[in-house]
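Participant: Sharing a structure, written as structure tokens. Questions coming.
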There are 2 protein chains.
Amino acid sequence: MLTIGKLGEAAGVKVPTIRYYEQIGLLPEAERSAGNQRLYGRKAMERLAFIRHARDLGFTLEAIRDLLSLSDRPDQSCAAADAIARAQLAEVESRLARLTALKAELERMVVQCAGGKIADCRVIEVLGDHSLCATDHRHPESELAQ
Amino acid sequence: MLTIGKLGEAAGVKVPTIRYYEQIGLLPEAERSAGNQRLYGRKAMERLAFIRHARDLGFTLEAIRDLLSLSDRPDQSCAAADAIARAQLAEVESRLARLTALKAELERMVVQCAGGKIADCRVIEVLGDHSLCATDHRHPESELAQ
DNA sequence: CTTGAAGCTATAGTTGCTAGAGACATTAAG
DNA sequence: CTTAATGTCTCTAGCAACTATAGCTTCAAG
């Protein structure tokens, strides 16, 4: 059995994060030692690794909650898990598209800056006047989060 | 003079967001009508458009605060503004790189899923075992934010 | 003159943690 | 066996950048 610190080290997750996951019900309540410290076995370790990996791939905690409850029912169809993964892929693709446009616009801005005074600064000028932009990046339909 | 609702409409910013910007000092305190309602002129409109545009390009409010105070000093060198824009570009580029890797991994996952039972689901399996991944996307050096 | 939309303030919620305070537990050295 | 250092406990508050709610006042149209 591992203490919370050892578990965190093993899984690459900070200790308060583990307690947070327990608090929001993503990890079950841990067993406790005589001195009231959390103790974890292999199952908890695997579950935490799953969460960590999914987080690394950008899944939200809500999606992970669903994926975990699916993985607890091995006999069911995997359509739901597939759908969650596809949704995440779509999300990542839309962020990629958006970021690519932003990158182009920022490059334009930075390249054009001649390095003089603020009054002539292309950066400030472009920010102040959207019509100077090449692409229409206004009114983003989805957030950029992640 | 515009009311807050008209200003928000014109600039594509929600009303509570405008009040929020005023609260954190990004917009100056607005003039008030006899009935205590905020009134905005062209200067406020331009400032809000600047903020909105910079937000669309992914600048943080802190960066925008700096850019705004720079734009108030037209005779100074634009090196600082340039540096902020370049930092933002670098940030966007690093996110792009990361998201590109995520996309590849998610695609692999989704493509391999044969659509059977959870027990055989590639999505669940890959999430549970990082060694099944092609790339090492663990321990991200920077957050994915935005 | 009434009604409904828009405005006001203040507070709390969102996501996914992270940081701090102050108290108890465990371990390693002396 | 004691002490010191670390680890853990709970609880609360903070981060970005808003968004939502409640309960009020003001404004504009009919």
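In the structure tokens, each chain is lettered A, B, ... as it comes, each chain's residues begin at 1, and ligands are numbered from 1 in order of appearance.
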Which residues, written as JSON, numbers by chain, have at least one atom at most 10 Å from C:DT3, with only C-alpha atoms (C1' of nucleotides) counted and residues fewer than 2 positions away on the same chain left out?
Facilitator: {"C": [1, 5], "D": [29, 30]}
Participant: Would you put the residues from that selection into a file with C-alpha atoms (C1' of nucleotides), as a compact mmCIF listing (two decimals), in the first residue's frame?
Facilitator:
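Saved as part.txt:
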```txt
# COMPACT_ATOMS: atom_id res chain seq x y z
C1' DC C 1 -49.58 55.25 -17.24
C1' DA C 5 -36.82 45.46 -21.42
C1' DA D 29 -42.78 52.31 -26.15
C1' DG D 30 -47.62 52.03 -26.61
```
Participant: Quick check: residues of chain B within 9 Å of chain C, only C-alpha atoms (C1' of nucleotides), returned as a PyMOL selection string.
Facilitator: chain B and resi 3-5+36-38
Participant: Please build the interface table for chain D against chain A with a cut-off of 12 Å, listing for each qualifying residue the nearest atom pair and the distance in Å to one decimal; count only C-alpha atoms (C1' of nucleotides), order rows by chain and increasing number, and write it as a Markdown table.
Facilitator:
```
| residue | atom | partner | partner_atom | distance |
| --- | --- | --- | --- | --- |
| D:DT6 | C1' | A:Gly5 | CA | 11.5 |
| D:DG7 | C1' | A:Gly5 | CA | 7.8 |
| D:DT8 | C1' | A:Gln37 | CA | 6.5 |
| D:DC9 | C1' | A:Gln37 | CA | 7.3 |
| D:DT10 | C1' | A:Arg19 | CA | 11.0 |
| D:DA16 | C1' | A:Ala145 | CA | 11.0 |
| D:DA17 | C1' | A:Ala145 | CA | 11.0 |
| D:DC18 | C1' | A:Glu143 | CA | 11.6 |
```
Participant: For the residues selected in the previous step, produce a file with N, CA and C atoms (P, O5', C5', C4', C3', O3' and C1' of nucleotides) as a PDB file, in the first residue's frame.
Facilitator:
```pdb
ATOM      1  P    DT D   6      13.686  18.582   5.749  1.00  0.00           P
ATOM      2  O5'  DT D   6      12.470  17.754   5.105  1.00  0.00           O
ATOM      3  C5'  DT D   6      12.555  16.356   5.039  1.00  0.00           C
ATOM      4  C4'  DT D   6      11.247  15.675   5.368  1.00  0.00           C
ATOM      5  C3'  DT D   6      10.105  15.937   4.376  1.00  0.00           C
ATOM      6  O3'  DT D   6       9.989  14.791   3.549  1.00  0.00           O
ATOM      7  C1'  DT D   6       9.367  15.661   6.631  1.00  0.00           C
ATOM      8  P    DG D   7       8.983  14.844   2.281  1.00  0.00           P
ATOM      9  O5'  DG D   7       7.616  14.276   2.904  1.00  0.00           O
ATOM     10  C5'  DG D   7       7.609  12.987   3.495  1.00  0.00           C
ATOM     11  C4'  DG D   7       6.234  12.713   4.074  1.00  0.00           C
ATOM     12  C3'  DG D   7       5.094  13.106   3.146  1.00  0.00           C
ATOM     13  O3'  DG D   7       4.221  11.978   3.031  1.00  0.00           O
ATOM     14  C1'  DG D   7       4.754  14.001   5.291  1.00  0.00           C
ATOM     15  P    DT D   8       3.040  11.917   2.031  1.00  0.00           P
ATOM     16  O5'  DT D   8       1.789  12.295   2.935  1.00  0.00           O
ATOM     17  C5'  DT D   8       1.422  11.431   4.021  1.00  0.00           C
ATOM     18  C4'  DT D   8       0.410  12.128   4.900  1.00  0.00           C
ATOM     19  C3'  DT D   8      -0.807  12.683   4.157  1.00  0.00           C
ATOM     20  O3'  DT D   8      -1.891  11.778   4.298  1.00  0.00           O
ATOM     21  C1'  DT D   8      -0.044  14.113   5.916  1.00  0.00           C
ATOM     22  P    DC D   9      -3.313  12.203   3.784  1.00  0.00           P
ATOM     23  O5'  DC D   9      -3.870  13.164   4.941  1.00  0.00           O
ATOM     24  C5'  DC D   9      -4.329  12.580   6.152  1.00  0.00           C
ATOM     25  C4'  DC D   9      -4.926  13.647   7.055  1.00  0.00           C
ATOM     26  C3'  DC D   9      -5.989  14.493   6.366  1.00  0.00           C
ATOM     27  O3'  DC D   9      -7.256  13.887   6.497  1.00  0.00           O
ATOM     28  C1'  DC D   9      -4.492  15.857   7.636  1.00  0.00           C
ATOM     29  P    DT D  10      -8.398  14.450   5.534  1.00  0.00           P
ATOM     30  O5'  DT D  10      -8.755  15.864   6.145  1.00  0.00           O
ATOM     31  C5'  DT D  10      -9.415  15.946   7.411  1.00  0.00           C
ATOM     32  C4'  DT D  10      -9.614  17.402   7.789  1.00  0.00           C
ATOM     33  C3'  DT D  10     -10.594  18.124   6.859  1.00  0.00           C
ATOM     34  O3'  DT D  10     -11.684  18.627   7.606  1.00  0.00           O
ATOM     35  C1'  DT D  10      -8.549  19.358   7.082  1.00  0.00           C
ATOM     36  P    DA D  16      -5.315  36.055 -12.175  1.00  0.00           P
ATOM     37  O5'  DA D  16      -5.520  35.529 -13.664  1.00  0.00           O
ATOM     38  C5'  DA D  16      -5.113  34.234 -14.059  1.00  0.00           C
ATOM     39  C4'  DA D  16      -5.870  33.825 -15.295  1.00  0.00           C
ATOM     40  C3'  DA D  16      -6.612  34.944 -16.019  1.00  0.00           C
ATOM     41  O3'  DA D  16      -6.588  34.662 -17.394  1.00  0.00           O
ATOM     42  C1'  DA D  16      -8.174  33.369 -15.181  1.00  0.00           C
ATOM     43  P    DA D  17      -6.714  35.849 -18.428  1.00  0.00           P
ATOM     44  O5'  DA D  17      -8.294  35.893 -18.645  1.00  0.00           O
ATOM     45  C5'  DA D  17      -8.908  34.783 -19.289  1.00  0.00           C
ATOM     46  C4'  DA D  17     -10.388  34.893 -19.111  1.00  0.00           C
ATOM     47  C3'  DA D  17     -10.980  36.306 -19.272  1.00  0.00           C
ATOM     48  O3'  DA D  17     -12.114  36.213 -20.103  1.00  0.00           O
ATOM     49  C1'  DA D  17     -11.813  35.306 -17.374  1.00  0.00           C
ATOM     50  P    DC D  18     -12.666  37.476 -20.879  1.00  0.00           P
ATOM     51  O5'  DC D  18     -13.582  38.173 -19.771  1.00  0.00           O
ATOM     52  C5'  DC D  18     -14.990  37.919 -19.655  1.00  0.00           C
ATOM     53  C4'  DC D  18     -15.287  36.496 -19.244  1.00  0.00           C
ATOM     54  C3'  DC D  18     -16.759  36.168 -19.282  1.00  0.00           C
ATOM     55  O3'  DC D  18     -17.002  35.171 -20.278  1.00  0.00           O
ATOM     56  C1'  DC D  18     -15.745  35.419 -17.255  1.00  0.00           C
TER      57       DC D  18
END
```
Participant: Per residue of chain A within 6 Å of chain B, what are the shortest atom pair and its distance in Å to one decimal, counting only C-alpha atoms, with rows by chain and residue number, as a Markdown table?
Facilitator:
```
| residue | atom | partner | partner_atom | distance |
| --- | --- | --- | --- | --- |
| A:Phe50 | CA | B:Gly128 | CA | 4.6 |
| A:His53 | CA | B:Leu127 | CA | 5.9 |
| A:Ala54 | CA | B:Leu127 | CA | 5.9 |
| A:Leu57 | CA | B:Leu102 | CA | 5.8 |
| A:Pro74 | CA | B:Ala119 | CA | 4.3 |
| A:Asp75 | CA | B:Lys117 | CA | 5.7 |
| A:Gln76 | CA | B:Lys117 | CA | 5.4 |
| A:Ser77 | CA | B:Lys117 | CA | 4.3 |
| A:Cys78 | CA | B:Ile118 | CA | 4.6 |
| A:Leu89 | CA | B:Leu106 | CA | 5.9 |
| A:Leu102 | CA | B:Leu57 | CA | 5.8 |
| A:Leu106 | CA | B:Leu89 | CA | 5.9 |
| A:Gly115 | CA | B:Cys78 | CA | 5.9 |
| A:Gly116 | CA | B:Ser77 | CA | 5.8 |
| A:Lys117 | CA | B:Ser77 | CA | 4.3 |
| A:Ile118 | CA | B:Pro74 | CA | 4.6 |
| A:Ala119 | CA | B:Pro74 | CA | 4.3 |
| A:Leu127 | CA | B:Phe50 | CA | 5.5 |
| A:Gly128 | CA | B:Phe50 | CA | 4.6 |
| A:Leu144 | CA | B:Gln146 | CA | 4.3 |
| A:Ala145 | CA | B:Gln146 | CA | 4.2 |
| A:Gln146 | CA | B:Ala145 | CA | 4.2 |
```
Participant: Rounded to one decimal place, report the atom C1' of D:DG23-atom CA of B:Pro28 distance in Å.
Facilitator: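 Here the two named atoms are 26.8 Å from each other.
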Participant: Could you go through chain B and tell me which residues DSSP, when run on the backbone, assigns to alpha helix (DSSP H), listing them as an MDAnalysis selection string?
Facilitator: chainID B and resid 4:11 15:23 42:56 61:71 79:112 122:128
Participant: Just to confirm, what's the straight-line distance from atom CA of A:Tyr20 to atom CA of B:Cys133 in Å (one decimal)?
Facilitator: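 Answer for the atom CA of A:Tyr20 to atom CA of B:Cys133 separation: 26.7 Å.
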